[in-house]
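Reviewing the structure listed below.
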Amino acid sequence: MNLESSFFSTFKITNSFLRCDLADDSLIETTSPQSKRFSRAQGLYGTACQHQLAIIMSMSFVFVDGPNNGSCISLLGNNRSIVPVRKMPIVSDTGVFLLTGGYAIAQTHQADFKFGDIIVGCNVIVGY
């Protein structure tokens with residue numbers, strides 16, 4: 001089984017070092033915040049660098065709609081927002097994704113540092 005999926009997430013960011021936040025954010029189909037939600041990004045992220053915006057993430061993508069409903073993939077990695085394209089490994093999975101492996105490619109599409117809002121596009125590739 002192979003899955004190649006694109007999605008977008010909206011979440012709050014801060015750049016204060018040693019800050020750790022929990023997330024329960026919508027994963028949506030397009031960059032529009034009103035786009036259809038098909039999954040949730042649940043986990044934690046924290047600032048990982050004193051000199052630039054770099055976030056260490058442990059995030060589970062919990063599918064809440066469609067054929068993958070109830071399944072989950074989890075990633076762990078350094079999400080350096082200043083780098084245009086970032087790769088992070090899929091380290092765990094459940095449901096239809098059990099015993100798969102893969103990676104996520106993240107790209108910032110929109111950021112409002114004044115209010116701490118960011119929209120990140122992500123392509124996820126998993127397979128046996």
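Chains: A, B, ... in order of the structure tokens. Residues: from 1 per chain. Ligands: from 1, in order shown.
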Fewer than 6 positions away in the same chain doesn't count, so skip those; otherwise give me all residues within 8 Å of Phe61 in chain A, counting only C-alpha atoms, as a list of chain:residue names.
-> A:Ser39, A:Arg40, A:Ala41, A:Gln42, A:Cys72, A:Ile73, A:Ser74
Range 77-87 of chain A: which residues within 6 Å, counting only C-alpha atoms, same-chain residues fewer than 3 positions away excluded, as a list in words?
-> Ala54, Ile55, Ile56, Met57, Ala104, Ile105, Ala106 and Gln107 of chain A
With C-alpha atoms retained, write the just-selected residues as a compact mmCIF listing (two decimals), in the first residue's frame.
```txt
# COMPACT_ATOMS: atom_id res chain seq x y z
CA ALA A 54 13.48 25.98 14.61
CA ILE A 55 10.82 23.73 16.06
CA ILE A 56 11.25 20.15 17.25
CA MET A 57 8.01 18.28 16.63
CA ALA A 104 6.75 14.13 5.30
CA ILE A 105 7.91 17.12 3.25
CA ALA A 106 6.78 20.39 4.83
CA GLN A 107 6.71 23.81 3.18
```
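Residues lying within 7 Å of Thr47 in chain A, counting only C-alpha atoms and ignoring same-chain neighbours fewer than 2 positions away, are Asn15, Ser16, Phe17, Leu18, Arg19, Cys20, Cys49, Ala54, Ile55 and Ile56 of chain A.
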Selected residues written out, N, CA and C atoms, as a tab-separated table (two decimals), in the first residue's frame:
```
chain	number	residue	atom	x	y	z
A	15	ASN	N	8.59	32.29	19.06
A	15	ASN	CA	10.02	32.08	18.86
A	15	ASN	C	10.80	32.26	20.15
A	16	SER	N	10.17	32.06	21.30
A	16	SER	CA	10.89	32.14	22.56
A	16	SER	C	11.52	30.78	22.86
A	17	PHE	N	12.83	30.78	23.06
A	17	PHE	CA	13.58	29.54	23.28
A	17	PHE	C	13.08	28.83	24.53
A	18	LEU	N	13.07	27.53	24.51
A	18	LEU	CA	12.64	26.64	25.58
A	18	LEU	C	11.12	26.61	25.77
A	19	ARG	N	10.37	27.12	24.85
A	19	ARG	CA	8.91	27.06	24.95
A	19	ARG	C	8.44	25.74	24.35
A	20	CYS	N	7.47	25.12	25.00
A	20	CYS	CA	6.88	23.88	24.51
A	20	CYS	C	5.36	24.04	24.51
A	49	CYS	N	16.07	26.06	19.06
A	49	CYS	CA	17.27	26.80	18.69
A	49	CYS	C	17.21	28.20	19.31
A	54	ALA	N	13.38	27.42	14.90
A	54	ALA	CA	13.48	25.98	14.61
A	54	ALA	C	12.65	25.26	15.65
A	55	ILE	N	11.77	24.40	15.19
A	55	ILE	CA	10.82	23.73	16.06
A	55	ILE	C	11.09	22.22	16.01
A	56	ILE	N	11.19	21.61	17.18
A	56	ILE	CA	11.25	20.15	17.25
A	56	ILE	C	9.82	19.66	17.44
```
Taking the chain letters and numbering used in this document, name the residues of range 4-79 of chain A that DSSP puts in strand (DSSP E), as a PyMOL selection string.
-> chain A and resi 4-12+20-28+37-47+55-63+72-79
Take the selection from the previous step and output its residues with C-alpha atoms, as an mmCIF file, in the first residue's frame.
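As a result, selection-v9.cif now contains:
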```
data_model
loop_
_atom_site.group_PDB
_atom_site.id
_atom_site.type_symbol
_atom_site.label_atom_id
_atom_site.label_comp_id
_atom_site.auth_asym_id
_atom_site.auth_seq_id
_atom_site.Cartn_x
_atom_site.Cartn_y
_atom_site.Cartn_z
ATOM 1 C CA GLU A 4 0.812 10.093 -1.146
ATOM 2 C CA SER A 5 -1.176 12.908 0.370
ATOM 3 C CA SER A 6 -0.997 16.672 0.543
ATOM 4 C CA PHE A 7 -2.517 18.679 3.335
ATOM 5 C CA PHE A 8 -2.233 21.985 5.112
ATOM 6 C CA SER A 9 -2.133 22.738 8.822
ATOM 7 C CA THR A 10 -2.791 25.950 10.684
ATOM 8 C CA PHE A 11 -1.147 26.495 14.059
ATOM 9 C CA LYS A 12 0.312 29.147 16.345
ATOM 10 C CA CYS A 20 6.882 23.880 24.510
ATOM 11 C CA ASP A 21 3.283 23.813 23.276
ATOM 12 C CA LEU A 22 0.659 21.158 22.719
ATOM 13 C CA ALA A 23 -1.252 21.058 19.445
ATOM 14 C CA ASP A 24 -4.649 19.846 18.326
ATOM 15 C CA ASP A 25 -4.896 21.499 14.924
ATOM 16 C CA SER A 26 -6.964 20.809 11.830
ATOM 17 C CA LEU A 27 -5.381 19.288 8.748
ATOM 18 C CA ILE A 28 -7.167 20.734 5.746
ATOM 19 C CA ARG A 37 -10.855 19.094 7.452
ATOM 20 C CA PHE A 38 -9.905 15.420 7.096
ATOM 21 C CA SER A 39 -7.453 14.934 9.954
ATOM 22 C CA ARG A 40 -6.069 16.430 13.160
ATOM 23 C CA ALA A 41 -2.443 17.185 14.027
ATOM 24 C CA GLN A 42 -2.102 16.263 17.686
ATOM 25 C CA GLY A 43 1.134 16.349 19.608
ATOM 26 C CA LEU A 44 3.737 18.724 20.896
ATOM 27 C CA TYR A 45 6.295 21.091 19.534
ATOM 28 C CA GLY A 46 8.908 23.283 21.105
ATOM 29 C CA THR A 47 11.545 25.770 20.103
ATOM 30 C CA ILE A 55 10.824 23.725 16.062
ATOM 31 C CA ILE A 56 11.249 20.148 17.246
ATOM 32 C CA MET A 57 8.005 18.282 16.630
ATOM 33 C CA SER A 58 6.428 15.060 17.795
ATOM 34 C CA MET A 59 3.117 15.072 15.971
ATOM 35 C CA SER A 60 0.460 12.476 15.204
ATOM 36 C CA PHE A 61 -1.827 12.953 12.219
ATOM 37 C CA VAL A 62 -5.113 11.382 13.313
ATOM 38 C CA PHE A 63 -7.467 10.792 10.379
ATOM 39 C CA CYS A 72 -2.776 7.570 12.511
ATOM 40 C CA ILE A 73 0.772 8.382 11.381
ATOM 41 C CA SER A 74 3.321 10.081 13.622
ATOM 42 C CA LEU A 75 6.386 12.097 12.774
ATOM 43 C CA LEU A 76 9.323 13.296 14.803
ATOM 44 C CA GLY A 77 11.758 15.846 13.521
ATOM 45 C CA ASN A 78 13.296 19.270 13.426
ATOM 46 C CA ASN A 79 11.000 21.668 11.563
#
```
May I have all residues of chain A that DSSP, computed from the backbone, assigns to helix (DSSP H, G or I), given as a PyMOL selection string?
-> chain A and resi 66-68+95-97
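A straight line drawn from CA of Ser71 in chain A to CA of Thr94 in chain A is 5.4 Å long.
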Please, what distance in Å, to one decimal, runs between CA of Tyr103 in chain A and CA of Ile90 in chain A?
-> 4.9 Å
